[in-house]
$ cat model_37.cif   # mmCIF, C-alpha atoms
data_upload
loop_
_atom_site.label_atom_id
_atom_site.label_comp_id
_atom_site.auth_asym_id
_atom_site.auth_seq_id
_atom_site.Cartn_x
_atom_site.Cartn_y
_atom_site.Cartn_z
CA MET A 1 78.41 105.80 119.10
CA LYS A 2 78.88 109.50 119.86
CA ALA A 3 80.69 108.64 123.09
CA VAL A 4 82.92 106.14 121.26
CA VAL A 5 83.84 108.70 118.60
CA TRP A 6 84.71 111.37 121.15
CA THR A 7 86.73 108.89 123.20
CA ASP A 8 88.71 107.88 120.13
CA PHE A 9 89.19 111.55 119.24
CA PHE A 10 90.68 112.59 122.58
CA GLN A 11 92.77 109.44 122.81
CA THR A 12 94.13 110.03 119.31
CA ILE A 13 95.01 113.64 120.08
CA ILE A 14 96.96 112.67 123.21
CA ILE A 15 98.81 109.84 121.46
CA PHE A 16 99.52 112.09 118.48
CA LEU A 17 101.05 114.75 120.76
CA GLY A 18 103.08 112.05 122.50
CA LEU A 19 104.44 110.83 119.17
CA ILE A 20 105.38 114.36 118.14
CA LEU A 21 107.21 114.79 121.43
CA ILE A 22 109.10 111.52 120.95
CA VAL A 23 110.09 112.29 117.36
CA THR A 24 111.25 115.81 118.20
CA SER A 25 113.30 114.81 121.23
CA SER A 26 114.82 111.66 119.68
CA LEU A 27 115.90 113.40 116.47
CA THR A 28 117.34 116.26 118.52
CA LYS A 29 119.35 113.89 120.74
CA ALA A 30 120.51 111.96 117.65
CA GLY A 31 121.99 115.09 116.11
CA GLY A 32 119.28 115.79 113.58
CA LEU A 33 117.36 113.87 110.94
CA ALA A 34 120.35 113.64 108.59
CA ASN A 35 122.55 111.96 111.20
CA ALA A 36 119.77 109.62 112.33
CA TRP A 37 119.10 108.68 108.70
CA ARG A 38 122.81 107.98 108.13
CA ILE A 39 123.03 105.69 111.18
CA ALA A 40 119.92 103.80 110.11
CA ARG A 41 121.21 103.38 106.55
CA GLU A 42 124.64 102.17 107.64
CA ASN A 43 123.09 99.58 109.96
CA GLY A 44 120.62 98.09 107.50
CA ARG A 45 117.45 99.76 108.83
CA LEU A 46 116.45 101.38 105.52
CA GLU A 47 115.80 98.50 103.15
CA ILE A 48 113.03 100.42 101.42
CA PHE A 49 113.28 98.86 97.96
CA ASP A 50 113.79 95.18 98.76
CA MET A 51 112.02 93.58 95.79
CA LYS A 52 112.60 89.98 96.81
CA PHE A 53 109.51 87.80 96.79
CA GLY A 54 109.20 84.88 99.14
CA LEU A 55 106.51 83.58 101.44
CA TYR A 56 109.08 83.16 104.21
CA GLU A 57 110.65 86.63 103.92
CA ARG A 58 109.21 88.55 106.86
CA HIS A 59 109.43 92.04 105.37
CA THR A 60 110.05 93.03 101.76
CA THR A 61 108.69 95.83 99.61
CA ILE A 62 106.26 93.40 97.99
CA SER A 63 105.05 91.80 101.22
CA THR A 64 104.54 95.12 103.01
CA PHE A 65 102.67 96.52 100.00
CA ILE A 66 100.36 93.50 100.00
CA LEU A 67 99.94 93.79 103.76
CA GLY A 68 99.03 97.47 103.55
CA LEU A 69 96.68 96.88 100.62
CA MET A 70 94.80 94.10 102.41
CA ILE A 71 94.67 95.63 105.89
CA TYR A 72 93.87 99.23 104.96
CA GLY A 73 91.63 98.10 102.11
CA TYR A 74 89.62 96.18 104.69
CA VAL A 75 89.63 99.02 107.23
CA PHE A 76 88.50 101.65 104.72
CA SER A 77 85.97 99.39 102.95
CA PHE A 78 84.52 96.53 105.01
CA ASP A 79 85.48 97.07 108.65
CA GLN A 80 82.44 97.20 110.91
CA ALA A 81 83.92 99.80 113.26
CA SER A 82 84.83 102.12 110.38
CA PHE A 83 81.43 101.66 108.74
CA GLN A 84 79.62 102.51 111.97
CA ARG A 85 81.56 105.74 112.27
CA ILE A 86 80.97 106.65 108.63
CA LYS A 87 77.22 106.08 109.06
CA THR A 88 77.12 108.86 111.65
CA GLN A 89 77.67 111.40 108.87
CA ARG A 90 74.63 113.21 107.52
CA SER A 91 75.53 113.09 103.85
CA LEU A 92 77.65 111.18 101.36
CA ARG A 93 79.81 114.26 100.85
CA ASN A 94 80.64 114.41 104.56
CA ALA A 95 81.39 110.69 104.58
CA LYS A 96 83.82 111.09 101.68
CA GLY A 97 85.46 114.01 103.48
CA VAL A 98 85.94 111.86 106.56
CA MET A 99 87.51 109.09 104.49
CA TYR A 100 89.95 111.48 102.79
CA ALA A 101 90.85 113.08 106.12
CA SER A 102 91.38 109.65 107.64
CA LEU A 103 93.65 108.67 104.76
CA VAL A 104 95.76 111.80 105.20
CA GLY A 105 95.86 111.28 108.95
CA THR A 106 96.97 107.67 108.54
CA ILE A 107 99.84 108.71 106.25
CA ILE A 108 100.93 111.40 108.72
CA VAL A 109 100.83 109.03 111.70
CA LEU A 110 102.80 106.32 109.87
CA THR A 111 105.40 108.90 108.82
CA ILE A 112 105.75 110.13 112.41
CA ILE A 113 106.14 106.56 113.68
CA PHE A 114 108.77 105.87 111.01
CA LEU A 115 110.77 108.97 111.96
CA GLY A 116 110.40 108.12 115.65
CA GLY A 117 111.82 104.65 115.04
CA ILE A 118 114.81 106.09 113.19
CA GLY A 119 115.39 108.66 115.94
CA ILE A 120 115.23 106.16 118.82
CA HIS A 121 117.51 103.75 116.95
CA ALA A 122 120.07 106.51 116.53
CA VAL A 123 119.84 107.51 120.20
CA TYR A 124 120.54 103.95 121.40
CA TYR A 125 122.98 103.03 118.66
CA GLY A 126 126.04 101.48 120.28
CA CYS A 127 124.31 100.95 123.63
CA ASP A 128 121.24 98.87 122.95
CA PRO A 129 118.82 98.25 125.86
CA ILE A 130 117.79 94.82 124.55
CA SER A 131 121.36 93.54 124.45
CA LEU A 132 121.91 94.93 127.95
CA GLY A 133 118.87 93.09 129.28
CA LEU A 134 117.05 96.28 130.31
CA ILE A 135 114.07 95.34 128.16
CA GLU A 136 112.95 91.99 126.80
CA LYS A 137 110.86 92.81 123.71
CA ARG A 138 111.20 95.25 120.85
CA ASP A 139 107.80 96.75 121.69
CA GLN A 140 109.21 98.01 124.98
CA ILE A 141 111.74 100.35 123.39
CA THR A 142 109.38 103.33 123.07
CA PRO A 143 108.13 103.23 126.71
CA PHE A 144 111.73 102.75 127.80
CA TYR A 145 112.81 105.81 125.84
CA VAL A 146 110.01 107.87 127.36
CA MET A 147 111.00 106.87 130.89
CA HIS A 148 114.70 107.33 130.19
CA HIS A 149 114.71 110.66 128.36
CA LEU A 150 111.35 112.32 129.04
CA SER A 151 110.85 111.55 132.72
CA PHE A 152 111.90 115.11 133.62
CA LEU A 153 108.56 116.31 132.20
CA THR A 154 106.16 115.81 135.05
CA GLY A 155 103.18 113.67 134.11
CA VAL A 156 104.23 113.04 130.50
CA PRO A 157 105.64 109.49 130.91
CA GLY A 158 102.64 108.19 132.84
CA LEU A 159 100.12 109.87 130.57
CA PHE A 160 101.81 108.67 127.38
CA ILE A 161 102.29 105.07 128.53
CA SER A 162 98.73 104.80 129.83
CA CYS A 163 97.35 106.06 126.50
CA LEU A 164 99.71 103.83 124.55
CA PHE A 165 98.66 100.68 126.33
CA SER A 166 94.99 101.62 126.46
CA GLY A 167 95.01 102.23 122.71
CA THR A 168 96.77 98.95 122.03
CA LEU A 169 94.49 96.91 124.28
CA SER A 170 91.45 98.68 122.88
CA SER A 171 92.40 97.76 119.32
CA ILE A 172 93.15 94.13 120.16
CA SER A 173 90.09 93.66 122.38
CA SER A 174 87.73 95.18 119.81
CA MET A 175 89.01 92.80 117.14
CA LEU A 176 88.81 89.84 119.50
CA ASN A 177 85.32 90.85 120.51
CA ALA A 178 84.21 90.83 116.86
CA VAL A 179 84.99 87.13 116.46
CA PRO A 180 82.88 85.78 119.38
CA THR A 181 80.05 88.18 118.48
CA MET A 182 80.06 86.90 114.90
CA LEU A 183 80.31 83.31 116.17
CA TRP A 184 77.27 83.81 118.39
CA ASN A 185 75.07 85.70 115.94
CA ASP A 186 75.82 83.60 112.86
CA PHE A 187 76.14 80.09 114.26
CA ILE A 188 75.40 79.47 117.94
CA VAL A 189 72.11 81.37 117.94
CA GLU A 190 70.92 79.14 115.09
CA LEU A 191 70.83 76.21 117.51
CA GLN A 192 67.41 75.77 119.05
CA TYR A 193 68.70 75.65 122.63
CA PHE A 194 70.36 79.08 122.38
CA GLN A 195 67.55 80.90 120.61
CA SER A 196 65.73 81.72 123.84
CA VAL A 197 68.70 82.59 126.06
CA PRO A 198 68.72 86.12 127.54
CA GLU A 199 71.01 88.90 126.34
CA LYS A 200 73.04 88.61 129.54
CA THR A 201 74.14 85.10 128.55
CA LYS A 202 75.24 86.37 125.16
CA ALA A 203 77.24 89.21 126.76
CA ASN A 204 78.91 86.82 129.22
CA PHE A 205 79.82 84.45 126.38
CA ASN A 206 81.46 87.27 124.41
CA LYS A 207 83.37 88.50 127.45
CA LEU A 208 84.59 85.00 128.29
CA MET A 209 85.82 84.33 124.76
CA THR A 210 87.52 87.74 124.61
CA MET A 211 89.29 87.17 127.95
CA ILE A 212 90.49 83.73 126.83
CA GLY A 213 91.79 85.21 123.58
CA LEU A 214 93.61 88.07 125.34
CA ALA A 215 95.15 85.72 127.91
CA PHE A 216 96.35 83.36 125.19
CA LEU A 217 97.87 86.13 123.09
CA ALA A 218 99.52 87.78 126.09
CA SER A 219 101.36 84.55 126.84
CA ARG A 220 102.32 83.67 123.26
CA THR A 221 102.83 86.93 121.41
CA GLN A 222 106.22 88.06 120.11
CA GLY A 223 105.14 91.64 119.50
CA VAL A 224 102.07 93.83 119.79
CA ILE A 225 102.18 95.08 116.20
CA GLN A 226 102.58 91.63 114.65
CA THR A 227 99.88 90.18 116.92
CA THR A 228 97.46 92.99 116.09
CA ILE A 229 97.99 92.46 112.37
CA ALA A 230 97.63 88.69 112.80
CA ILE A 231 94.28 89.08 114.58
CA THR A 232 93.10 91.53 111.96
CA SER A 233 94.12 89.12 109.21
CA ILE A 234 91.92 86.36 110.68
CA VAL A 235 88.86 88.52 110.05
CA SER A 236 89.93 90.82 107.20
CA GLY A 237 90.95 88.09 104.76
CA PRO A 238 87.67 86.11 104.83
CA MET A 239 85.54 89.28 105.00
CA THR A 240 87.34 90.76 102.01
CA GLY A 241 86.76 87.50 100.14
CA VAL A 242 83.02 87.60 100.85
CA PHE A 243 82.70 91.20 99.64
CA VAL A 244 84.77 90.49 96.53
CA LEU A 245 82.46 87.56 95.77
CA GLY A 246 79.43 89.81 96.08
CA LEU A 247 80.92 92.55 93.93
CA ALA A 248 82.72 90.60 91.22
CA VAL A 249 81.36 87.02 91.19
CA PRO A 250 77.55 87.29 91.11
CA ILE A 251 77.10 83.62 90.21
CA VAL A 252 78.13 82.67 93.77
CA GLY A 253 75.10 82.24 95.97
CA LYS A 254 74.48 82.00 99.69
CA LYS A 255 75.78 78.46 100.09
CA GLY A 256 79.06 79.18 98.35
CA ALA A 257 79.67 82.42 100.23
CA ILE A 258 78.97 80.85 103.63
CA ALA A 259 81.14 77.83 102.87
CA GLY A 260 83.99 80.02 101.64
CA PHE A 261 83.79 82.29 104.67
CA LEU A 262 83.71 79.43 107.21
CA VAL A 263 86.57 77.50 105.63
CA SER A 264 88.71 80.60 105.17
CA ILE A 265 88.23 81.94 108.69
CA PHE A 266 89.02 78.49 110.12
CA PHE A 267 92.10 78.20 107.91
CA ALA A 268 93.27 81.75 108.72
CA SER A 269 92.82 81.13 112.46
CA TRP A 270 94.69 77.86 112.18
CA VAL A 271 97.64 79.42 110.35
CA CYS A 272 97.85 82.48 112.64
CA LEU A 273 97.63 80.47 115.87
CA GLY A 274 100.03 77.86 114.53
CA ALA A 275 102.52 80.59 113.68
CA GLN A 276 102.31 81.86 117.27
CA LEU A 277 102.78 78.37 118.74
CA TYR A 278 105.18 76.65 116.34
CA GLY A 279 106.65 79.37 114.13
CA GLU A 280 110.32 80.17 114.20
CA ALA A 281 111.49 83.12 116.25
CA THR A 282 112.28 86.15 114.11
CA SER A 283 115.97 86.93 113.75
CA MET A 284 116.81 90.50 114.74
CA LEU A 285 119.21 92.81 112.96
CA PRO A 286 122.59 93.35 114.68
CA LEU A 287 122.49 95.26 117.99
CA HIS A 288 125.61 96.81 119.52
CA THR A 289 126.88 97.87 122.95
CA HIS A 290 130.36 99.13 122.06
CA LEU A 291 129.55 102.76 122.96
CA CYS A 292 128.06 102.12 126.39
CA GLU A 293 131.00 103.66 128.28
CA ASN A 294 130.06 107.11 126.99
CA SER A 295 126.33 106.64 127.46
CA THR A 296 124.15 107.40 130.46
CA ILE A 297 122.49 104.04 130.01
CA GLY A 298 125.90 102.39 130.12
CA LEU A 299 126.81 104.20 133.33
CA MET A 300 123.48 103.02 134.81
CA THR A 301 124.28 99.37 134.13
CA ASN A 302 128.06 99.47 134.64
CA VAL A 303 128.70 97.50 131.45
CA THR A 304 131.95 97.24 129.52
CA THR A 305 132.55 97.71 125.84
CA GLU A 306 132.07 94.02 125.11
CA ILE A 307 129.54 93.54 122.35
CA ALA A 308 126.50 91.58 123.44
CA PRO A 309 124.95 89.01 121.13
CA SER A 310 123.51 91.01 118.28
CA THR A 311 121.04 88.56 116.86
CA THR A 312 118.44 86.19 118.12
CA SER A 313 118.94 82.79 116.59
CA ALA A 314 115.93 81.28 114.93
CA GLN A 315 114.45 78.31 116.70
CA LYS A 316 114.58 75.45 114.25
CA THR A 317 111.64 73.13 114.36
CA SER A 318 110.81 69.77 112.86
CA HIS A 319 107.06 70.36 112.88
CA PRO A 320 105.46 68.67 109.84
CA LEU A 321 103.58 71.89 108.98
CA TRP A 322 106.68 74.10 109.15
CA PHE A 323 106.04 75.28 105.59
CA LEU A 324 102.64 76.62 106.65
CA TYR A 325 103.35 78.11 110.06
CA ASN A 326 106.40 80.07 108.94
CA ILE A 327 104.74 81.98 106.11
CA SER A 328 105.22 85.70 106.71
CA TYR A 329 102.34 87.24 108.63
CA ALA A 330 102.14 89.87 105.87
CA TYR A 331 100.48 87.28 103.60
CA HIS A 332 97.94 85.88 106.09
CA SER A 333 95.14 88.21 105.06
CA LEU A 334 95.72 87.57 101.35
CA ILE A 335 95.73 83.82 101.95
CA GLY A 336 92.40 84.07 103.76
CA THR A 337 90.90 85.95 100.82
CA ILE A 338 92.21 83.45 98.27
CA VAL A 339 90.88 80.49 100.28
CA CYS A 340 87.47 82.15 100.60
CA LEU A 341 87.23 82.81 96.86
CA THR A 342 88.43 79.34 95.89
CA VAL A 343 86.13 77.40 98.23
CA ALA A 344 83.11 79.58 97.42
CA ILE A 345 83.50 79.11 93.66
CA LEU A 346 84.03 75.33 94.00
CA VAL A 347 80.97 74.95 96.23
CA THR A 348 78.94 77.06 93.80
CA PHE A 349 79.77 74.80 90.87
CA LEU A 350 78.87 71.76 92.96
CA THR A 351 75.57 73.11 94.32
CA GLY A 352 74.46 75.30 91.46
CA CYS A 353 75.02 78.90 90.41
CA GLU A 354 72.93 81.87 91.45
CA LYS A 355 70.47 83.11 88.85
CA LEU A 356 71.82 86.40 87.54
CA GLU A 357 68.36 87.90 87.14
CA ASN A 358 67.92 87.61 90.92
CA VAL A 359 71.02 89.76 91.60
CA GLN A 360 70.50 93.46 92.26
CA PRO A 361 72.56 95.59 89.80
CA GLU A 362 73.50 98.11 92.50
CA HIS A 363 75.30 95.36 94.44
CA VAL A 364 77.89 94.50 91.76
CA LEU A 365 80.66 96.28 89.89
CA SER A 366 79.69 98.77 87.21
CA CYS A 367 81.03 96.55 84.43
CA LEU A 368 78.70 93.73 85.53
CA LYS A 369 75.48 95.68 85.95
CA ARG A 370 74.28 94.84 82.43
CA LYS A 371 74.71 91.13 83.14
CA VAL A 372 72.45 90.94 86.21
CA GLY A 373 68.96 91.92 87.31
CA SER A 374 66.53 93.20 84.69
CA SER A 375 69.41 93.41 82.21
CA GLY A 376 70.52 89.82 82.74
CA PRO A 377 70.89 87.19 80.01
CA ASN A 378 67.39 85.80 80.58
CA ALA A 379 65.79 89.19 80.99
CA SER A 380 65.39 89.89 77.27
CA ALA A 381 63.51 86.63 76.71
CA GLU A 382 61.26 87.34 79.69
CA GLN A 383 60.62 90.88 78.50
CA GLU A 384 59.79 89.66 74.97
CA SER A 385 57.38 87.07 76.42
CA PHE A 386 55.76 89.75 78.56
CA LEU A 387 55.40 92.09 75.57
CA ASP A 388 53.95 89.30 73.43
CA ASP A 389 51.37 88.48 76.11
CA ALA A 390 50.50 92.16 76.47
CA LEU A 391 50.15 92.53 72.68
CA VAL A 392 47.88 89.48 72.44
CA SER A 393 45.71 90.78 75.27
CA LYS A 394 45.43 94.17 73.57
CA ILE A 395 44.40 92.57 70.25
CA GLU A 396 41.78 90.41 71.97
CA LEU A 397 40.41 93.46 73.78
CA LYS A 398 40.06 95.39 70.49
CA SER A 399 38.42 92.38 68.88
CA LYS A 400 35.82 92.17 71.61
CA THR A 401 35.17 95.92 71.32
CA ARG A 402 34.52 95.73 67.59
CA HIS A 403 32.41 92.58 67.81
CA PRO A 404 30.32 92.77 70.96
#

$ encode --input "model_37.cif" --output "structure tokens"
Amino acid sequence: MKAVVWTDFFQTIIIFLGLILIVTSSLTKAGGLANAWRIARENGRLEIFDMKFGLYERHTTISTFILGLMIYGYVFSFDQASFQRIKTQRSLRNAKGVMYASLVGTIIVLTIIFLGGIGIHAVYYGCDPISLGLIEKRDQITPFYVMHHLSFLTGVPGLFISCLFSGTLSSISSMLNAVPTMLWNDFIVELQYFQSVPEKTKANFNKLMTMIGLAFLASRTQGVIQTTIAITSIVSGPMTGVFVLGLAVPIVGKKGAIAGFLVSIFFASWVCLGAQLYGEATSMLPLHTHLCENSTIGLMTNVTTEIAPSTTSAQKTSHPLWFLYNISYAYHSLIGTIVCLTVAILVTFLTGCEKLENVQPEHVLSCLKRKVGSSGPNASAEQESFLDDALVSKIELKSKTRHP
């Protein structure tokens, strides 16, 4: 774990410096933050307070708030990787300090990325590389900018791009590796045939499943960020549901929690993979090439001032589950949590509720501690019975002492 933490630390520092370099250079080339902000606002890139609510609206204020709440709530509360790193701290105070520092760092990084996006958009406004065919995906714009404007700094482009891709692949592979590991430990190993297999077989199984997942995503993904969030949602939604059940719904027992988790992770995987295979292509905001004559990128490609197609038309589909596969990826994690809670509660009512006196008070919310454990609804009757028995025994003992 120490090696993993130090690796993440150095990688984060390098990527952080690369982002600072990109933001500084792009805002400088765009004529300052005020000019870059004006260009973004005039071209519809600053829809900050879009309060529309719709399952099929890709990004709104509400959907992004829910997405951030679910994803970062999972990362800071239930994520295995985060929990392992927190456990390396020697005290609760240090762990809290790490969490606060991580929260501040996350806000800073997201702000830098936001400013970098505005700066790069302003730099390429009027001569867009996607419309010119120089790049194919939106995720390629940052590496393209580094190679186009920062290549004069020896070693910086190669170092930044290698760290960028290594960080991205590391995040995706770690999340993909969690699914086959959980599948093996929780289900496959329960089969009698697999209980005696060596550790090497388990490792090979995990590697094979991870490679298949990476190969599939590499061929079907529309963007690294959306794919990363989609993979995270497959795990975060059901896991959040299980922890919410344990904290807030103590009547749900083992059967209900397992059933809810299995159904929700299957449903979340189905929706996410179906969205990748059958979902409509996302329409892009208008892109322009009318200023390419005065741009170095325009001179490189020898283009005219004709405006290239500015939007990508959505691919209409007649798939019978269109209504399911085209739900915004921002809601996938929330849907997984809701499915987990619903199925778990239904199964609990069908199979029987957990006895509240068997629930440990330290495992539930503070407002429920008086309802479970030794303070549960049946605890008072049991305590009275115990006291009555003790009182009877004491009286009998005194009676025997007086009348030997």

$ closest_residue --input "model_37.cif" --among "A:Val5, A:Ile135, A:Ala330, A:Leu346" --to "A:Ile86" --atoms "all atoms listed in the file"
A:Val5

$ resolve_selection --input "model_37.cif" --expression "the PyMOL selection byres ((chain A and resi 355) around 10)" --output "PyMOL selection string"
chain A and resi 250-253+352-354+356-359+372-373+376-378

$ residues_around --input "model_37.cif" --residues "stretch 229-242 of chain A" --least-positions-apart "5" --cutoff "6 Å" --atoms "only C-alpha atoms" --output "list in words"
Tyr74, Phe261, Ser264, Ile265, Ala268, Ser269, His332, Ser333, Leu334, Gly336, Thr337, Cys340 and Leu341 of chain A

$ residues_around --input "model_37.cif" --residues "A:Thr106" --least-positions-apart "3" --cutoff "12 Å" --atoms "only C-alpha atoms" --output "MDAnalysis selection string"
chainID A and resid 12 16 68 72 75:76 98:103 109:113

$ atom_distance --input "model_37.cif" --atom1 "atom CA of A:Thr7" --atom2 "atom CA of A:Pro143"
22.4 Å

$ closest_residue --input "model_37.cif" --among "A:Lys52, A:Thr64, A:Gln192, A:Phe160" --to "A:Ile13" --atoms "only C-alpha atoms"
A:Phe160

$ axis_aligned_box --input "model_37.cif" --around "stretch 326-329 of chain A" --padding-each-side "4 Å" --output "lines of an AutoDock Vina configuration file"
center_x = 104.4
center_y = 83.7
center_z = 107.5
size_x = 12.1
size_y = 15.2
size_z = 10.8

$ residues_around --input "model_37.cif" --residues "A:Tyr278" --least-positions-apart "3" --cutoff "7 Å" --atoms "all atoms listed in the file" --output "CSV table (one decimal) with C-alpha atoms, keeping the file's coordinate frame"
chain,number,residue,atom,x,y,z
A,274,GLY,CA,100.0,77.9,114.5
A,275,ALA,CA,102.5,80.6,113.7
A,325,TYR,CA,103.4,78.1,110.1

$ atom_distance --input "model_37.cif" --atom1 "atom CA of A:Gly97" --atom2 "atom CA of A:Phe65"
24.8 Å

$ atom_distance --input "model_37.cif" --atom1 "atom CA of A:Val156" --atom2 "atom CA of A:Ile120"
17.5 Å

$ closest_residue --input "model_37.cif" --among "A:Ile22, A:Lys137, A:Gly119, A:Tyr56" --to "A:Met284" --atoms "all atoms listed in the file"
A:Lys137

$ resolve_selection --input "model_37.cif" --expression "the PyMOL selection byres ((chain A and resi 31-44) around 9)" --output "ChimeraX atom specification"
/A:26-30,45-47,115,118-123,125,285-286

$ resolve_selection --input "model_37.cif" --expression "the PyMOL selection byres ((chain A and resi 142) around 10)" --output "PyMOL selection string"
chain A and resi 19+22+116-117+120+138-141+143-148+161+164
